[in-house]
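Quick look at structure00.cif (mmCIF, C-alpha atoms):
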data_data
#
loop_
_atom_site.label_atom_id
_atom_site.label_comp_id
_atom_site.auth_asym_id
_atom_site.auth_seq_id
_atom_site.Cartn_x
_atom_site.Cartn_y
_atom_site.Cartn_z
CA MET A 1 42.78 6.41 -30.40
CA ARG A 2 39.58 4.55 -31.25
CA SER A 3 40.30 2.13 -28.43
CA MET A 4 40.62 5.01 -25.99
CA LYS A 5 37.31 6.52 -27.14
CA THR A 6 35.64 3.16 -26.73
CA LEU A 7 37.08 2.77 -23.26
CA LEU A 8 35.89 6.21 -22.22
CA ALA A 9 32.42 5.57 -23.64
CA VAL A 10 32.07 2.31 -21.74
CA SER A 11 33.27 4.04 -18.58
CA ALA A 12 30.67 6.76 -18.99
CA VAL A 13 27.95 4.17 -19.30
CA LEU A 14 29.17 2.47 -16.15
CA LEU A 15 29.18 5.75 -14.27
CA LEU A 16 25.97 7.33 -15.54
CA GLY A 17 24.00 4.16 -16.07
CA ALA A 18 24.36 2.97 -12.50
CA GLY A 19 20.94 3.09 -10.92
CA ARG A 20 18.70 2.02 -8.12
CA SER A 21 15.00 1.28 -8.03
CA TYR A 22 12.51 2.90 -5.73
CA ALA A 23 8.79 2.43 -5.14
CA ASP A 24 5.97 4.92 -4.96
CA THR A 25 3.26 4.69 -2.32
CA VAL A 26 -0.34 5.52 -3.17
CA THR A 27 -2.39 6.20 -0.03
CA PHE A 28 -6.18 6.23 0.27
CA ASN A 29 -7.34 7.78 3.53
CA ASN A 30 -9.56 10.27 5.32
CA LEU A 31 -8.75 13.81 6.33
CA ALA A 32 -11.01 13.50 9.40
CA LEU A 33 -12.95 10.81 11.26
CA HIS A 34 -16.06 9.73 9.37
CA PRO A 35 -18.02 7.18 11.44
CA ASP A 36 -19.84 5.23 8.78
CA GLY A 37 -19.92 1.94 6.99
CA THR A 38 -21.01 -1.38 8.46
CA VAL A 39 -18.50 -3.93 9.76
CA ASN A 40 -19.82 -7.48 10.16
CA ILE A 41 -17.70 -9.81 12.29
CA GLY A 42 -18.21 -13.57 12.25
CA ASN A 43 -16.61 -16.40 10.27
CA THR A 44 -15.33 -13.61 8.00
CA VAL A 45 -14.98 -9.87 8.54
CA SER A 46 -16.53 -7.49 6.02
CA LEU A 47 -16.80 -3.75 5.61
CA ALA A 48 -19.63 -2.35 3.49
CA ASN A 49 -19.69 1.26 2.30
CA GLY A 50 -16.91 2.58 4.48
CA VAL A 51 -15.88 6.18 3.82
CA ILE A 52 -12.68 7.10 1.98
CA GLU A 53 -12.12 10.68 0.89
CA ALA A 54 -8.61 11.31 -0.43
CA VAL A 55 -5.86 9.73 -2.50
CA ALA A 56 -2.23 10.82 -2.64
CA LYS A 57 1.09 9.61 -4.02
CA THR A 58 4.42 9.91 -2.22
CA PRO A 59 7.36 10.52 -2.21
CA LEU A 60 7.92 13.85 -3.94
CA PRO A 61 6.44 15.20 -6.05
CA ILE A 62 3.28 14.66 -4.03
CA ALA A 63 0.14 14.38 -6.14
CA GLY A 64 -3.44 13.61 -5.20
CA GLY A 65 -7.04 14.69 -4.92
CA LEU A 66 -10.35 14.30 -3.09
CA ILE A 67 -12.56 11.27 -3.77
CA SER A 68 -16.31 11.72 -4.22
CA GLY A 69 -18.95 9.03 -4.65
CA SER A 70 -21.96 7.74 -2.77
CA CYS A 71 -20.72 6.77 0.69
CA GLY A 72 -21.09 8.55 3.98
CA PRO A 73 -24.14 9.60 5.99
CA SER A 74 -27.28 9.15 3.87
CA GLY A 75 -25.26 8.40 0.76
CA ASN A 76 -23.27 11.63 0.96
CA THR A 77 -21.73 12.27 -2.47
CA ASN A 78 -18.67 13.94 -0.91
CA PHE A 79 -17.01 10.60 -0.19
CA GLY A 80 -15.81 7.51 -1.98
CA CYS A 81 -16.38 3.95 -0.75
CA ILE A 82 -14.11 1.25 0.62
CA ASN A 83 -15.39 -2.32 0.85
CA PHE A 84 -13.73 -5.58 1.80
CA THR A 85 -14.26 -9.17 2.90
CA THR A 86 -11.56 -11.24 4.59
CA GLY A 87 -10.79 -14.92 4.46
CA ALA A 88 -12.16 -17.37 7.03
CA PHE A 89 -11.68 -17.17 10.81
CA VAL A 90 -8.50 -18.85 12.08
CA GLY A 91 -8.51 -18.27 15.84
CA PRO A 92 -6.98 -16.18 18.63
CA ILE A 93 -3.40 -15.06 18.05
CA ASN A 94 -2.37 -16.68 21.34
CA ALA A 95 -3.95 -17.82 24.57
CA SER A 96 -2.84 -14.75 26.49
CA ALA A 97 -4.24 -12.31 23.91
CA ALA A 98 -7.86 -13.42 23.64
CA ASN A 99 -8.78 -9.99 22.29
CA ASP A 100 -6.70 -10.45 19.09
CA TYR A 101 -8.04 -12.70 16.33
CA LEU A 102 -6.67 -13.90 12.99
CA TYR A 103 -8.49 -14.30 9.69
CA ALA A 104 -6.98 -16.18 6.74
CA PRO A 105 -5.67 -14.52 3.58
CA GLY A 106 -8.12 -14.08 0.72
CA GLY A 107 -11.29 -12.07 0.32
CA THR A 108 -11.42 -8.88 -1.71
CA ILE A 109 -10.86 -5.19 -1.12
CA THR A 110 -11.96 -2.34 -3.39
CA VAL A 111 -12.05 1.45 -3.41
CA THR A 112 -14.59 3.19 -5.66
CA GLY A 113 -15.25 6.83 -6.38
CA ALA A 114 -14.57 9.78 -8.64
CA VAL A 115 -11.55 12.11 -8.47
CA PRO A 116 -12.56 15.12 -10.61
CA THR A 117 -9.33 17.06 -10.00
CA LEU A 118 -7.36 14.14 -11.48
CA GLY A 119 -9.57 13.76 -14.54
CA ILE A 120 -11.90 11.02 -13.20
CA PRO A 121 -15.34 12.70 -13.14
CA THR A 122 -17.48 9.58 -12.70
CA VAL A 123 -17.52 6.88 -10.03
CA GLN A 124 -15.17 4.04 -10.96
CA THR A 125 -13.16 1.31 -9.27
CA LEU A 126 -10.00 3.11 -8.16
CA PHE A 127 -8.23 0.11 -6.61
CA SER A 128 -8.84 -3.62 -6.25
CA SER A 129 -6.87 -6.37 -4.54
CA THR A 130 -7.07 -9.25 -2.06
CA PHE A 131 -5.56 -9.87 1.36
CA ASP A 132 -2.19 -11.58 0.97
CA GLY A 133 -1.61 -12.16 4.68
CA ALA A 134 -3.67 -12.83 7.75
CA VAL A 135 -6.03 -10.05 8.80
CA VAL A 136 -5.82 -9.09 12.47
CA VAL A 137 -8.89 -7.96 14.40
CA SER A 138 -7.84 -6.41 17.71
CA PHE A 139 -10.32 -5.42 20.39
CA ASP A 140 -9.32 -2.94 23.06
CA ASP A 141 -8.31 -4.36 26.44
CA SER A 142 -11.31 -2.62 28.03
CA CYS A 143 -13.58 -5.00 26.11
CA VAL A 144 -12.28 -8.07 27.97
CA GLY A 145 -14.93 -9.58 30.21
CA GLN A 146 -17.74 -7.70 28.48
CA PRO A 147 -19.14 -10.25 26.04
CA SER A 148 -22.07 -8.16 24.85
CA SER A 149 -21.24 -4.49 25.03
CA GLN A 150 -20.03 -1.55 22.97
CA CYS A 151 -16.29 -1.91 22.43
CA THR A 152 -13.70 -0.44 20.10
CA GLY A 153 -10.91 -2.03 18.11
CA THR A 154 -8.94 -2.07 14.88
CA ILE A 155 -8.64 -4.17 11.73
CA SER A 156 -5.44 -4.44 9.68
CA GLY A 157 -3.99 -6.73 7.03
CA LEU A 158 -1.42 -7.15 4.25
CA LEU A 159 -2.51 -6.72 0.65
CA ALA A 160 -1.59 -8.87 -2.33
CA PRO A 161 -0.50 -7.30 -5.63
CA GLY A 162 -3.49 -5.48 -7.10
CA LEU A 163 -4.49 -2.96 -9.73
CA LEU A 164 -4.97 0.79 -9.70
CA ASN A 165 -7.38 2.56 -12.02
CA ALA A 166 -5.43 3.34 -15.22
CA GLN A 167 -6.54 7.00 -15.27
CA LEU A 168 -5.68 7.42 -11.61
CA ALA A 169 -2.26 5.82 -12.08
CA ALA A 170 -1.52 8.08 -15.05
CA ALA A 171 -2.59 11.20 -13.13
CA LEU A 172 -0.38 10.25 -10.18
CA GLY A 173 2.52 9.21 -12.40
CA VAL A 174 2.71 5.63 -11.11
CA ASN A 175 2.37 2.13 -12.53
CA PRO A 176 -1.21 0.76 -12.42
CA ALA A 177 0.13 -2.61 -11.22
CA THR A 178 0.87 -2.82 -7.50
CA LEU A 179 3.28 -4.88 -5.42
CA GLY A 180 0.99 -5.06 -2.40
CA GLY A 181 0.50 -2.85 0.60
CA THR A 182 -1.38 -2.63 3.89
CA ASP A 183 -4.92 -1.97 5.02
CA GLN A 184 -4.61 -0.39 8.42
CA SER A 185 -6.15 1.87 11.04
CA LEU A 186 -9.76 0.85 10.47
CA PHE A 187 -11.19 1.82 13.85
CA MET A 188 -14.52 0.27 14.78
CA ALA A 189 -17.17 0.57 17.46
CA PHE A 190 -18.24 -3.05 18.06
CA SER A 191 -21.38 -4.46 19.59
CA GLY A 192 -21.82 -8.21 19.94
CA ASN A 193 -20.24 -11.38 21.31
CA PHE A 194 -16.64 -10.45 22.06
CA THR A 195 -15.74 -13.61 24.00
CA PRO A 196 -16.80 -16.54 21.79
CA ALA A 197 -16.56 -20.20 22.74
CA PRO A 198 -13.22 -21.85 21.84
CA GLY A 199 -12.94 -22.45 18.12
CA PHE A 200 -15.60 -19.87 17.24
CA ALA A 201 -15.20 -16.34 15.94
CA PRO A 202 -16.42 -13.19 17.65
CA SER A 203 -19.79 -12.15 16.27
CA GLY A 204 -21.51 -8.82 15.96
CA THR A 205 -21.51 -5.57 14.02
CA ALA A 206 -19.51 -2.40 14.15
CA THR A 207 -19.32 1.07 12.68
CA GLY A 208 -16.09 1.87 10.84
CA ASN A 209 -14.57 5.22 11.74
CA THR A 210 -11.69 5.78 9.35
CA ASN A 211 -9.26 3.88 7.22
CA GLN A 212 -5.83 4.16 5.66
CA LEU A 213 -4.92 2.03 2.71
CA GLU A 214 -1.29 2.09 1.53
CA VAL A 215 -0.52 0.64 -1.89
CA ILE A 216 3.05 0.05 -3.08
CA THR A 217 3.62 0.38 -6.83
CA PRO A 218 6.57 -0.88 -8.89
CA GLY A 219 9.48 1.54 -8.83
CA ALA A 220 11.26 3.43 -11.57
CA VAL A 221 15.01 3.40 -12.12
CA VAL A 222 16.87 6.60 -11.35
CA SER A 223 20.54 7.39 -11.84
CA ALA A 224 22.68 7.06 -8.76
CA VAL A 225 25.93 8.90 -7.98
CA PRO A 226 28.75 6.34 -7.63
CA GLU A 227 30.50 6.10 -4.30
CA PRO A 228 33.91 7.84 -4.04
CA GLY A 229 35.63 4.47 -3.63
CA SER A 230 34.11 3.24 -6.87
CA LEU A 231 35.31 6.37 -8.66
CA VAL A 232 38.86 5.84 -7.40
CA LEU A 233 38.93 2.23 -8.54
CA LEU A 234 37.50 3.10 -11.94
CA GLY A 235 39.92 6.00 -12.35
CA THR A 236 42.86 3.73 -11.51
CA GLY A 237 41.68 1.24 -14.08
CA LEU A 238 41.38 3.96 -16.73
CA VAL A 239 44.91 5.20 -16.09
CA GLY A 240 46.29 1.68 -16.40
CA ALA A 241 44.33 1.02 -19.57
CA ALA A 242 45.51 4.31 -21.09
CA ARG A 243 49.17 3.46 -20.38
CA PHE A 244 48.72 0.03 -21.96
CA ILE A 245 47.16 1.51 -25.10
CA SER A 246 49.90 4.18 -25.31
CA ARG A 247 52.73 1.59 -25.03
CA ARG A 248 51.02 -0.57 -27.64
CA ARG A 249 50.79 2.31 -30.11
CA ARG A 250 54.50 3.23 -29.62
CA ALA A 251 55.52 -0.38 -30.24
CA GLN A 252 53.75 -0.41 -33.63
#
Take the structure from the file and write it as structure tokens.
Amino acid sequence: MRSMKTLLAVSAVLLLGAGRSYADTVTFNNLALHPDGTVNIGNTVSLANGVIEAVAKTPLPIAGGLISGSCGPSGNTNFGCINFTTGAFVGPINASAANDYLYAPGGTITVTGAVPTLGIPTVQTLFSSTFDGAVVVSFDDSCVGQPSSQCTGTISGLLAPGLLNAQLAAALGVNPATLGGTDQSLFMAFSGNFTPAPGFAPSGTATGNTNQLEVITPGAVVSAVPEPGSLVLLGTGLVGAARFISRRRRAQ
């Protein structure tokens, strides 16, 4: 009888303890376009005092809040700040796409601000990381052939593992360590030398319009319902084991 109880207990652990891991995404972004912040493009690309105004965690349950700080027009305290610097200029992505340029991994990226609704009343560093992959600067096709004019484009790159503010992570219910993520959708209005000489980077300045920063955090383990086929196999094994134990007891 004890053997049967042990068998059933082990089976329950196998059934209920089966799990899968999933990751949460923490997103820093804007609820509307906020043209502000200075983008400098040269041997590196940097963004100083770009606007970021909200943080949220997905999937369900969704949690988040508005970020306040000192960025925005005339140091508007309604917004937080996003700043970054990339690695060094690499070159055009390919000869036929002279409006797309690569920058090496490295640099830094930070988000600072306060999130009063999540228990962070003073301006702090909310997220910090580096670029783990090449950063891509893409100018619109309409900029081609206009070496010194107002153009638009985007900046995007992959993030290395970083760190979320401990209070922010606790409020969102996520791990403060991150697995990486993406910095994307930073739209810019560029003025400068768009068509540099071979081997040289574009040069000029831009105004950043908006940004979305997605940060992937380590997942938790949740119980998973076994597949029907697995249940059938386990049930068959239990029946066989029960018969074996029953025959053994009768033989004693």
Reference answer for the PyMOL selection byres ((chain A and resi 152) around 9), as an mmCIF file with C-alpha atoms, in the coordinates of the input:
data_model
loop_
_atom_site.group_PDB
_atom_site.id
_atom_site.type_symbol
_atom_site.label_atom_id
_atom_site.label_comp_id
_atom_site.auth_asym_id
_atom_site.auth_seq_id
_atom_site.Cartn_x
_atom_site.Cartn_y
_atom_site.Cartn_z
ATOM 1 C CA SER A 138 -7.840 -6.410 17.710
ATOM 2 C CA PHE A 139 -10.320 -5.420 20.390
ATOM 3 C CA ASP A 140 -9.320 -2.940 23.060
ATOM 4 C CA SER A 142 -11.310 -2.620 28.030
ATOM 5 C CA CYS A 143 -13.580 -5.000 26.110
ATOM 6 C CA GLN A 150 -20.030 -1.550 22.970
ATOM 7 C CA CYS A 151 -16.290 -1.910 22.430
ATOM 8 C CA GLY A 153 -10.910 -2.030 18.110
ATOM 9 C CA THR A 154 -8.940 -2.070 14.880
ATOM 10 C CA PHE A 187 -11.190 1.820 13.850
ATOM 11 C CA MET A 188 -14.520 0.270 14.780
ATOM 12 C CA ALA A 189 -17.170 0.570 17.460
ATOM 13 C CA PHE A 190 -18.240 -3.050 18.060
ATOM 14 C CA SER A 191 -21.380 -4.460 19.590
ATOM 15 C CA ALA A 206 -19.510 -2.400 14.150
#
Which residue, A:Val174, A:Leu213, A:Ala104, A:Leu179, has the smallest gap to A:Val51 when you use all atoms listed in the file? A:Leu213
Quick one: pull the distance between atom CA of A:Val123 and atom CA of A:Gly107, Å, one decimal.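 According to the coordinates, atom CA of A:Val123 and atom CA of A:Gly107 are separated by 22.5 Å.
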Need the neighbours of (0.6, 5.3, -10.6): which residues are at most 9 Å away, counting all atoms listed in the file, as number ranges by chain? A: 24-26, 57, 164-178, 217-218
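Selection by the PyMOL selection byres ((chain A and resi 121) around 12) on the present file picks out Gly65, Leu66, Ile67, Ser68, Gly69, Gly113, Ala114, Val115, Pro116, Thr117, Leu118, Gly119, Ile120, Thr122, Val123, Gln124, Gln167 and Leu168 of chain A.
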Just the number, please: distance in Å from atom CA of A:Asn30 to atom CA of A:Pro161, one decimal.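 Rounded to one decimal, the two atoms are 22.6 Å apart.
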What would the list of residues within 8 Å of (-17.2, -20.3, 14.2) (file frame) look like as a ChimeraX atom specification, if all atoms listed in the file are what count? /A:42-43,89,199-202
List as an NGL selection string the protein and nucleic acid residues near A:Gly87, meaning an atom at most 10 Å away when all atoms listed in the file are counted, but skip any in the same chain fewer than 4 places from it. :A and (43-46 or 102-108 or 130-135)
Expressed in Å to a single decimal, how great is the separation between atom CA of A:Gly50 and atom CA of A:Thr38?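 Straight-line distance from atom CA of A:Gly50 to atom CA of A:Thr38 works out to 7.0 Å.
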Once the PyMOL selection byres ((chain A and resi 204) around 6) is applied to the coordinates I shared, what remains selected? I want it as a short mmCIF file (atom, residue, chain, number, x, y, z; two decimals) with C-alpha atoms, in the coordinates of the input.
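Just written: part.cif:
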data_model
loop_
_atom_site.label_atom_id
_atom_site.label_comp_id
_atom_site.auth_asym_id
_atom_site.auth_seq_id
_atom_site.Cartn_x
_atom_site.Cartn_y
_atom_site.Cartn_z
CA ILE A 41 -17.70 -9.81 12.29
CA SER A 191 -21.38 -4.46 19.59
CA GLY A 192 -21.82 -8.21 19.94
CA SER A 203 -19.79 -12.15 16.27
CA THR A 205 -21.51 -5.57 14.02
#
Just want the 6 Å neighbourhood of A:Gly181, counted on all atoms listed in the file, with same-chain residues fewer than 5 positions away dropped. Output as an MDAnalysis selection string. chainID A and resid 158:159 214:216
Tell me which of A:Gly219, A:Ser74, A:Asn209, A:Tyr101 sits closest to A:Leu31, counting only C-alpha atoms.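 Using only C-alpha atoms, the shortest distance to A:Leu31 belongs to A:Asn209.
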